[in-house]
Amino acid sequence: MTQPLLSDHPLPAFGAIEPAQVEPALRELLDANRAAIAALLDAGADGWDTLVVPIEHMHHRLARAWSPVSHLNGVMNSEALRAAYNACLPLLTAYHTALGQNERLCAAYQGVADREGAALRPEQRKVVENALRDFRLAGVSLPPERKRRFGEVMERLATAQAKFDENVLDATHAFSRHVTDAAEIEGLPANALQRAREAAAAAGKDGWLLSLDAPTYQAVLSHAVSEPLRREFYEAWVTRASDRGRHAGQWDNGPLMAEILALRHEAANLVGFANFAEYSLATKMARDPAEVIEFLHELARVSRPAAEREFAELERFAGRTLASWDVGFYSERMRKERLQLSEEALRPYFPLPRVLAGLFAVVHRLYGVRIVANPAVETYHPDVRFFDVLDRDDTPRGGFFLDLYARPKKRGGAWMDECVGRLRLAGASALPIAYLVCNFSPPAGEQPSLLTHYEVLTLFHEFGHGLHHLLTRVDVPSVAGINGVPWDAVELPSQFMENFAWRDEVLPLVSAHVETGEALPHDMLARLQASRTFQAGMQTVRQLEFALFDFRLHAGYAPGAPRINETLAEVREAVSVLRPPEFNRFPHSFQHVFSGGYAAGYYSYKWAEVLSADAFGAFEEHGVFDAATARRFLSAILERGGSRDAMEAFVEFRGRKPEIGPLLRQMGLAA
Ligand SMILES: [Zn+2]
């Protein structure tokens with residue numbers, strides 16, 4: 001009886017995975033890895049072939065065993081699987097901490113660098129450099145007492161961050177609003193009303209029951225005619241998990257935020273950095289805090305005057321002074337009136353099968369690969385399909401699971417994840433396999449799923465990540481595909497792909513009216529393109545407010561004085577055009593920064609947007625389907641993964657360092 005998670009089959013056997021087998025399988029793998037590493041060290045292994053290659057194999061095997069578990073936990077969640085998943089997380093954390101602090105292992109990698117460094121190929125050198133960097137960041141050379149403290153800090157940090165998330169979740173779920181008078185919900189779109197009807201019926205109530213999930217919140221703020229209703233939802237949203245609002249103090253994240261900042265600062269200090277911002281940049285493309293701050297302020301200098309103009313225009317349009325809860329509502333009205341465009345009216349032009357066929361055609365023209373459905377592959381749900389990626393000569397290059405429809409027990413949002421990484425080492429090989437996940441509305445009866453243009457962009461975005469993973473030519477898994485790519489560069493291929501979905505050359509390929517088959521008419525296409533720069537200044541300063549708040553909070557941290565509200569107030573003074581009310585406690589639910597991976601890294605979104613707009617600029621100069629430009633992008637960026645410095649890769653493609661101009665022109669913000 002073989003364990004499905006430990007099998008060497010190229011694709012996961014989803015149907016055979018039993019939650020009860022997960023923890024034993026993981027324990028077996030981790031024990032085997034620990035024993036194998038100890039044996040390598042006992043044998044004195046300190047060469048690329050004798051040390052690094054076996055370890056790359058072990059971690060490839062661990063990653064491909066864990067990947068389907070973590071994926072199913074996200075898209076086919078069940079009580080049993082969730083319990084198994086949660087039981088495994090601490091085992092994995094402990095394994096990685098011990099590995100990062102293993103002095104003998106670190107010395108062995110140092111041995112590889114010292115003896116073979118000059119003879120190693122560039123991607124091999126990168127693997128060894130990254131490993132040595134990560135040992136340092138895990139505190140490998142600290143005296144035992146400080147090493148132990150570093151481990152404690154990391155463990156407490158993980159718990160505190162998880163608790164921060166739970167508080168936000170509980171506070172969000174605690175709010176609901178019962179409505180019996182239809183006049184109060186005037187303006188809400190039909191799908192939001194439908195959900196609220198069903199929620200009320202499920203709770204045995206008449207009328208509508210509105211909850212505080214993101215789609216409902218967005219619908220109320222953008223469409224509800226009633227100002228008191230908008231204000232009520234705004235207040236509930238921005239006071240979640242705080243000392244203000246209806247549930248003030250009940251799930252207050254305030255103390256946790258102070259603790260999280262203190263722990264991060266301590267961890268950074270322990271391993272030799274002045275603050276957590278410097279620690280965060282040790283693995284990123286940006287060189288130092290000054291460069292990040294200067295970058296964000298440069299963007300602010302150009303976008304703030306535009307944002308002020310746009311806001312004044314919006315107030316003129318509304319004929320009144322606007323509060324925070326009015327901006328979304330009047331912006332939506334102005335957009336409709338000025339551009340004569342609504343996302344809902346675009347849907348019939350973007351049936352999913354047409355969008356997919358068009359996307360695959362674009363990829364084929366750019367990179368020569370063919371994408372073909374392979375119904376023989378076992379998936380984990382009837383809606384999920386598998387596709388092979390084939391080279392020009394039909395050699396398989398990789399494949400992906402495409403999971404596009406919303407369903408119960410599936411996490412919201414859209415993402416790409418690695419199922420299997422590419423590997424070609426010491427006679428063994430594996431092709432890259434990806435998961436591409438979205439949450440579009442499922443087909444209704446005979447009618448295919450119809451996408452908004454925003455959803456078309458989402459699909460292109462995730463497919464860009466997918467190509468980065470699937471087209472890699474790197475043979476060593478830890479720097480193949482998206483692995484080893486700095487956080488502030490990883491959105492380059494994805495944001496880059498989005499650009500195609502705005503173009504005259506591409507929109508006819510991805511649109512065909514669901515009834516008439518007619519491509520998006522020219523006037524609608526032009527209005528759609530015009531909408532790209534609508535309120536670009538206001539959108540930019542909002543992102544800058546988040547990014548500067550996050551970065552300055554970590555860079556300027558002084559022990560005992562987290563200055564959370566003060567920092568936010570200073571940042572708003574510097575960049576924002578709208579002053580939120582006193583009760584606003586937005587940081588208390590800012591999960592990207594307090595519990596997610598974006599701590600001292602929220603700036604990455606804008607940073608990578610500069611790279612992607614500038615990279616796309618080369619296609620604008622030479623033609624969207626220019627073969628030579630596409631070949632250069634493929635070989636310099638997509639195929640290289642994390643095997644080389646991100647800035648060097650960009651310079652190889654563009655012939656110079658990135659410039660901010662193309663992004664400003666794209667957003668309509670250029671002077
Ligand atoms: Zn992305």
# chains A, B, ... in the order shown; residues from 1 in each chain; ligands from 1

$ closest_atom_pairs --of "range 104-178 of chain A" --to "range 587-604 of chain A" --cutoff "10 Å" --atoms "only C-alpha atoms" --output "Markdown table"
| residue | atom | partner | partner_atom | distance |
| --- | --- | --- | --- | --- |
| A:Leu157 | CA | A:Ser595 | CA | 9.1 |
| A:Ala158 | CA | A:Ser595 | CA | 8.4 |
| A:Thr159 | CA | A:Ser595 | CA | 9.8 |
| A:Ala160 | CA | A:Ser595 | CA | 8.2 |
| A:Gln161 | CA | A:Ser595 | CA | 4.5 |
| A:Ala162 | CA | A:Ser595 | CA | 6.7 |
| A:Lys163 | CA | A:Ser595 | CA | 8.7 |
| A:Phe164 | CA | A:Ser595 | CA | 6.5 |
| A:Asp165 | CA | A:Ser595 | CA | 6.6 |
| A:Asn167 | CA | A:Ser589 | CA | 8.6 |
| A:Val168 | CA | A:Ser589 | CA | 5.9 |
| A:Leu169 | CA | A:Ser589 | CA | 9.2 |
| A:Ala171 | CA | A:Ser589 | CA | 9.6 |
| A:Thr172 | CA | A:Ser589 | CA | 9.7 |

$ write_last_selection --atoms "N, CA, C and O atoms" --output "tab-separated table (two decimals), in the first residue's frame"
chain	number	residue	atom	x	y	z
A	157	LEU	N	5.68	35.38	17.14
A	157	LEU	CA	5.24	36.22	16.02
A	157	LEU	C	4.20	35.47	15.18
A	157	LEU	O	3.16	36.03	14.81
A	158	ALA	N	4.47	34.20	14.90
A	158	ALA	CA	3.53	33.41	14.11
A	158	ALA	C	2.17	33.33	14.81
A	158	ALA	O	1.12	33.50	14.19
A	159	THR	N	2.20	33.10	16.14
A	159	THR	CA	0.94	33.01	16.89
A	159	THR	C	0.22	34.35	16.92
A	159	THR	O	-1.00	34.42	16.72
A	160	ALA	N	0.96	35.43	17.18
A	160	ALA	CA	0.35	36.75	17.28
A	160	ALA	C	-0.27	37.15	15.94
A	160	ALA	O	-1.37	37.72	15.89
A	161	GLN	N	0.41	36.85	14.85
A	161	GLN	CA	-0.12	37.20	13.53
A	161	GLN	C	-1.37	36.38	13.20
A	161	GLN	O	-2.32	36.90	12.63
A	162	ALA	N	-1.37	35.10	13.60
A	162	ALA	CA	-2.56	34.28	13.37
A	162	ALA	C	-3.73	34.82	14.18
A	162	ALA	O	-4.88	34.86	13.71
A	163	LYS	N	-3.44	35.30	15.42
A	163	LYS	CA	-4.50	35.85	16.27
A	163	LYS	C	-5.04	37.15	15.67
A	163	LYS	O	-6.25	37.43	15.74
A	164	PHE	N	-4.16	37.96	15.10
A	164	PHE	CA	-4.58	39.19	14.43
A	164	PHE	C	-5.63	38.87	13.36
A	164	PHE	O	-6.68	39.50	13.28
A	165	ASP	N	-5.35	37.84	12.56
A	165	ASP	CA	-6.28	37.40	11.51
A	165	ASP	C	-7.61	36.94	12.09
A	165	ASP	O	-8.67	37.27	11.57
A	167	ASN	N	-9.00	37.77	14.88
A	167	ASN	CA	-9.76	38.92	15.38
A	167	ASN	C	-10.49	39.64	14.24
A	167	ASN	O	-11.65	40.02	14.38
A	168	VAL	N	-9.79	39.83	13.13
A	168	VAL	CA	-10.42	40.51	11.99
A	168	VAL	C	-11.60	39.68	11.48
A	168	VAL	O	-12.70	40.20	11.24
A	169	LEU	N	-11.38	38.38	11.37
A	169	LEU	CA	-12.42	37.49	10.89
A	169	LEU	C	-13.64	37.52	11.82
A	169	LEU	O	-14.78	37.68	11.38
A	171	ALA	N	-14.48	39.79	14.09
A	171	ALA	CA	-15.11	41.10	14.13
A	171	ALA	C	-15.94	41.32	12.86
A	171	ALA	O	-17.04	41.90	12.91
A	172	THR	N	-15.45	40.85	11.72
A	172	THR	CA	-16.19	41.00	10.47
A	172	THR	C	-17.49	40.21	10.52
A	172	THR	O	-18.56	40.71	10.16

$ residues_near_ligand --ligand "ligand 1" --cutoff "8 Å" --atoms "only C-alpha atoms and all ligand atoms" --output "list in words"
Trp415, Met416, His461, Glu462, His465, Val490, Glu491, Ser494 and Gln495 of chain A

$ write_last_selection --atoms "N, CA and C atoms" --output "short mmCIF file (atom, residue, chain, number, x, y, z; two decimals), in the first residue's frame"
data_model
loop_
_atom_site.label_atom_id
_atom_site.label_comp_id
_atom_site.auth_asym_id
_atom_site.auth_seq_id
_atom_site.Cartn_x
_atom_site.Cartn_y
_atom_site.Cartn_z
N TRP A 415 -5.31 33.32 -7.56
CA TRP A 415 -3.88 33.14 -7.34
C TRP A 415 -3.32 32.04 -8.23
N MET A 416 -1.98 32.04 -8.35
CA MET A 416 -1.25 30.96 -9.00
C MET A 416 -0.40 30.32 -7.93
N HIS A 461 -3.50 38.30 -15.40
CA HIS A 461 -2.54 38.49 -14.31
C HIS A 461 -2.04 37.14 -13.79
N GLU A 462 -2.98 36.28 -13.41
CA GLU A 462 -2.59 34.98 -12.85
C GLU A 462 -1.86 34.14 -13.89
N HIS A 465 1.79 34.98 -13.86
CA HIS A 465 2.52 34.22 -12.83
C HIS A 465 2.74 32.79 -13.31
N VAL A 490 8.35 39.94 -8.06
CA VAL A 490 7.59 38.76 -8.45
C VAL A 490 6.31 39.12 -9.20
N GLU A 491 5.82 40.35 -9.02
CA GLU A 491 4.61 40.77 -9.74
C GLU A 491 4.94 41.34 -11.13
N SER A 494 3.28 39.11 -13.96
CA SER A 494 1.81 39.09 -13.88
C SER A 494 1.22 40.44 -14.29
N GLN A 495 1.75 41.53 -13.72
CA GLN A 495 1.23 42.84 -14.10
C GLN A 495 1.55 43.15 -15.57
#

$ residues_around --residues "range 265-277 of chain A" --least-positions-apart "5" --cutoff "7 Å" --atoms "only C-alpha atoms" --output "PDB file with N, CA, C and O atoms, in the first residue's frame"
ATOM      1  N   LEU A 137      19.956  35.139   8.069  1.00  0.00           N
ATOM      2  CA  LEU A 137      18.676  35.733   8.468  1.00  0.00           C
ATOM      3  C   LEU A 137      17.955  34.893   9.517  1.00  0.00           C
ATOM      4  O   LEU A 137      17.045  35.370  10.183  1.00  0.00           O
ATOM      5  N   GLY A 139      19.660  33.530  11.975  1.00  0.00           N
ATOM      6  CA  GLY A 139      20.467  33.653  13.184  1.00  0.00           C
ATOM      7  C   GLY A 139      21.408  32.482  13.426  1.00  0.00           C
ATOM      8  O   GLY A 139      21.683  32.134  14.571  1.00  0.00           O
ATOM      9  N   PHE A 150      15.732  34.016  19.329  1.00  0.00           N
ATOM     10  CA  PHE A 150      15.258  34.270  17.971  1.00  0.00           C
ATOM     11  C   PHE A 150      14.140  33.276  17.613  1.00  0.00           C
ATOM     12  O   PHE A 150      13.102  33.654  17.073  1.00  0.00           O
ATOM     13  N   VAL A 153      11.007  34.248  19.440  1.00  0.00           N
ATOM     14  CA  VAL A 153      10.401  35.440  18.836  1.00  0.00           C
ATOM     15  C   VAL A 153       9.620  35.044  17.581  1.00  0.00           C
ATOM     16  O   VAL A 153       8.479  35.465  17.381  1.00  0.00           O
ATOM     17  N   PRO A 289      16.393  51.309   2.847  1.00  0.00           N
ATOM     18  CA  PRO A 289      15.168  52.058   3.148  1.00  0.00           C
ATOM     19  C   PRO A 289      15.096  53.400   2.444  1.00  0.00           C
ATOM     20  O   PRO A 289      14.022  53.801   1.974  1.00  0.00           O
ATOM     21  N   PHE A 551       5.930  51.159   5.546  1.00  0.00           N
ATOM     22  CA  PHE A 551       7.390  51.208   5.543  1.00  0.00           C
ATOM     23  C   PHE A 551       7.938  52.065   6.676  1.00  0.00           C
ATOM     24  O   PHE A 551       8.865  51.675   7.376  1.00  0.00           O
ATOM     25  N   HIS A 554       7.857  50.482  10.185  1.00  0.00           N
ATOM     26  CA  HIS A 554       8.931  49.527  10.488  1.00  0.00           C
ATOM     27  C   HIS A 554      10.310  50.178  10.493  1.00  0.00           C
ATOM     28  O   HIS A 554      11.158  49.826  11.296  1.00  0.00           O
ATOM     29  N   ALA A 555      10.523  51.136   9.594  1.00  0.00           N
ATOM     30  CA  ALA A 555      11.851  51.760   9.500  1.00  0.00           C
ATOM     31  C   ALA A 555      12.105  52.703  10.674  1.00  0.00           C
ATOM     32  O   ALA A 555      13.233  52.829  11.150  1.00  0.00           O
ATOM     33  N   ALA A 600       6.741  45.761   5.809  1.00  0.00           N
ATOM     34  CA  ALA A 600       7.830  46.540   5.200  1.00  0.00           C
ATOM     35  C   ALA A 600       8.034  46.110   3.752  1.00  0.00           C
ATOM     36  O   ALA A 600       9.148  46.053   3.243  1.00  0.00           O
TER      37      ALA A 600
END

$ closest_residue --among "A:Leu356, A:Val369, A:Ala16, A:Leu281" --to "Arg631 in chain A" --atoms "only C-alpha atoms"
A:Val369

$ residues_around --residues "Arg503 in chain A" --least-positions-apart "6" --cutoff "10 Å" --atoms "only C-alpha atoms" --output "PyMOL selection string"
chain A and resi 525-526+529+624

$ select_by_dssp --residues "range 361-495 of chain A" --states "strand (DSSP E)" --output "compact mmCIF listing (two decimals) with C-alpha atoms, in the first residue's frame"
# COMPACT_ATOMS: atom_id res chain seq x y z
CA ARG A 370 0.76 25.59 -27.47
CA ILE A 371 -1.75 25.04 -24.68
CA VAL A 372 -3.96 21.97 -25.06
CA ALA A 373 -6.63 20.53 -22.76
CA ARG A 385 -9.49 21.11 -16.06
CA PHE A 386 -5.90 20.19 -16.84
CA PHE A 387 -3.88 21.67 -19.72
CA ASP A 388 -0.56 20.62 -21.24
CA VAL A 389 1.94 23.26 -22.31
CA LEU A 390 3.77 22.07 -25.44
CA PRO A 396 5.90 18.80 -23.13
CA ARG A 397 7.05 21.89 -21.24
CA GLY A 398 4.73 21.61 -18.22
CA GLY A 399 1.05 21.74 -17.36
CA PHE A 400 -1.54 23.38 -15.15
CA PHE A 401 -4.80 22.78 -13.31
CA LEU A 402 -7.34 25.49 -14.12
CA ASP A 403 -9.89 26.04 -11.33
CA LEU A 404 -11.98 29.09 -12.26
CA TYR A 405 -15.40 29.02 -10.62
CA TRP A 415 -3.88 33.14 -7.34
CA MET A 416 -1.25 30.96 -9.00
CA ASP A 417 0.55 28.35 -6.98
CA GLU A 418 3.25 25.79 -7.61
CA CYS A 419 2.08 22.17 -7.77
CA VAL A 420 5.42 20.72 -8.92
CA LEU A 423 13.90 19.88 -11.67
CA ARG A 424 16.68 18.34 -13.74
CA LEU A 425 19.45 17.14 -11.49
CA ALA A 428 16.15 12.85 -12.20
CA SER A 429 13.69 15.27 -13.74
CA ALA A 430 10.27 16.86 -13.18
CA ILE A 433 3.00 22.03 -12.91
CA ALA A 434 0.88 24.97 -11.68
CA TYR A 435 -2.50 25.67 -10.11
CA LEU A 436 -4.37 28.65 -11.55
CA VAL A 437 -7.30 29.65 -9.39
CA CYS A 438 -10.02 32.31 -9.82
CA ASN A 439 -13.52 32.82 -8.42
CA PHE A 440 -15.69 33.65 -11.45

$ closest_residue --among "A:Ser612, A:Gln535, A:Ser643, A:Ser78" --to "Leu669 in chain A" --atoms "only C-alpha atoms"
A:Gln535

$ atom_distance --atom1 "CA of Arg640 in chain A" --atom2 "CA of Val485 in chain A"
9.6 Å

$ residues_around --residues "Gly560 in chain A" --least-positions-apart "3" --cutoff "12 Å" --atoms "only C-alpha atoms" --output "list in words"
Pro255, Ala258, Glu259, Ile260, Leu261, Ala262, Leu263, His265, Glu266, Tyr557, Arg563 and Ile564 of chain A

$ write_last_selection --atoms "N, CA and C atoms" --output "compact mmCIF listing (two decimals), in the first residue's frame"
# COMPACT_ATOMS: atom_id res chain seq x y z
N PRO A 255 -3.25 46.07 21.08
CA PRO A 255 -2.10 45.51 21.80
C PRO A 255 -1.28 44.53 20.95
N ALA A 258 1.11 46.39 18.60
CA ALA A 258 2.30 46.87 19.30
C ALA A 258 3.26 45.71 19.53
N GLU A 259 2.72 44.54 19.90
CA GLU A 259 3.58 43.39 20.18
C GLU A 259 4.26 42.89 18.89
N ILE A 260 3.48 42.83 17.80
CA ILE A 260 4.03 42.35 16.52
C ILE A 260 5.19 43.24 16.07
N LEU A 261 5.00 44.56 16.18
CA LEU A 261 6.07 45.48 15.77
C LEU A 261 7.30 45.31 16.65
N ALA A 262 7.07 45.13 17.97
CA ALA A 262 8.20 44.96 18.89
C ALA A 262 8.96 43.67 18.58
N LEU A 263 8.22 42.59 18.31
CA LEU A 263 8.86 41.30 18.02
C LEU A 263 9.66 41.37 16.72
N HIS A 265 10.99 44.00 15.39
CA HIS A 265 12.16 44.83 15.61
C HIS A 265 13.23 44.04 16.37
N GLU A 266 12.80 43.27 17.36
CA GLU A 266 13.76 42.47 18.15
C GLU A 266 14.43 41.42 17.27
N TYR A 557 10.75 52.53 13.74
CA TYR A 557 10.29 51.98 15.02
C TYR A 557 11.29 52.27 16.14
N ARG A 563 3.98 54.23 17.84
CA ARG A 563 3.50 55.41 17.09
C ARG A 563 2.66 55.04 15.87
N ILE A 564 1.70 54.13 16.04
CA ILE A 564 0.92 53.66 14.90
C ILE A 564 0.00 54.77 14.36

$ atom_distance --atom1 "CA of Glu505 in chain A" --atom2 "CA of Ala361 in chain A"
11.8 Å

$ residues_around --residues "range 2-9 of chain A" --least-positions-apart "5" --cutoff "9 Å" --atoms "only C-alpha atoms" --output "mmCIF file with N, CA and C atoms, in the first residue's frame"
data_model
loop_
_atom_site.group_PDB
_atom_site.id
_atom_site.type_symbol
_atom_site.label_atom_id
_atom_site.label_comp_id
_atom_site.auth_asym_id
_atom_site.auth_seq_id
_atom_site.Cartn_x
_atom_site.Cartn_y
_atom_site.Cartn_z
ATOM 1 N N PHE A 14 -5.025 13.165 -6.470
ATOM 2 C CA PHE A 14 -5.917 13.873 -5.543
ATOM 3 C C PHE A 14 -6.929 12.948 -4.882
ATOM 4 N N ALA A 16 -6.836 9.986 -4.034
ATOM 5 C CA ALA A 16 -6.338 9.015 -3.061
ATOM 6 C C ALA A 16 -5.877 9.667 -1.759
ATOM 7 N N ILE A 17 -5.899 11.028 -1.716
ATOM 8 C CA ILE A 17 -5.393 11.703 -0.517
ATOM 9 C C ILE A 17 -6.445 11.656 0.601
ATOM 10 N N GLU A 18 -6.082 11.023 1.708
ATOM 11 C CA GLU A 18 -6.977 10.945 2.870
ATOM 12 C C GLU A 18 -6.429 11.870 3.953
ATOM 13 N N GLN A 21 -4.038 10.537 6.462
ATOM 14 C CA GLN A 21 -2.670 10.146 6.073
ATOM 15 C C GLN A 21 -1.710 11.335 6.064
ATOM 16 N N VAL A 22 -2.257 12.555 6.112
ATOM 17 C CA VAL A 22 -1.416 13.717 5.851
ATOM 18 C C VAL A 22 -0.312 13.888 6.888
ATOM 19 N N ALA A 25 2.371 11.159 6.873
ATOM 20 C CA ALA A 25 3.229 11.258 5.690
ATOM 21 C C ALA A 25 4.227 12.398 5.854
ATOM 22 N N LEU A 26 3.750 13.525 6.358
ATOM 23 C CA LEU A 26 4.652 14.662 6.522
ATOM 24 C C LEU A 26 5.735 14.340 7.551
ATOM 25 N N LEU A 29 8.342 12.182 6.016
ATOM 26 C CA LEU A 29 9.223 12.932 5.113
ATOM 27 C C LEU A 29 10.224 13.799 5.876
ATOM 28 N N ARG A 61 10.976 17.149 -3.117
ATOM 29 C CA ARG A 61 10.050 16.077 -2.753
ATOM 30 C C ARG A 61 9.090 16.561 -1.654
ATOM 31 N N LEU A 62 9.645 17.289 -0.671
ATOM 32 C CA LEU A 62 8.803 17.817 0.406
ATOM 33 C C LEU A 62 7.766 18.792 -0.164
ATOM 34 N N ARG A 64 6.520 18.988 -3.213
ATOM 35 C CA ARG A 64 5.481 18.391 -4.050
ATOM 36 C C ARG A 64 4.540 17.512 -3.241
ATOM 37 N N ALA A 65 4.990 17.032 -2.081
ATOM 38 C CA ALA A 65 4.088 16.270 -1.210
ATOM 39 C C ALA A 65 3.128 17.214 -0.485
ATOM 40 N N TRP A 66 3.638 18.365 -0.047
ATOM 41 C CA TRP A 66 2.831 19.298 0.732
ATOM 42 C C TRP A 66 1.885 20.102 -0.162
ATOM 43 N N PRO A 68 -0.261 19.566 -2.771
ATOM 44 C CA PRO A 68 -1.687 19.237 -2.928
ATOM 45 C C PRO A 68 -2.478 19.363 -1.627
ATOM 46 N N VAL A 69 -1.825 19.144 -0.489
ATOM 47 C CA VAL A 69 -2.520 19.277 0.795
ATOM 48 C C VAL A 69 -2.900 20.727 1.013
#

$ select_by_dssp --residues "range 170-412 of chain A" --states "helix (DSSP H, G or I)" --output "PyMOL selection string"
chain A and resi 170-174+182-185+190-202+214-223+227-238+254-270+276-281+289-318+324-339+343-349+352-367

$ residues_around --residues "Gly47 in chain A" --least-positions-apart "6" --cutoff "10 Å" --atoms "only C-alpha atoms" --output "PyMOL selection string"
chain A and resi 53+108-117
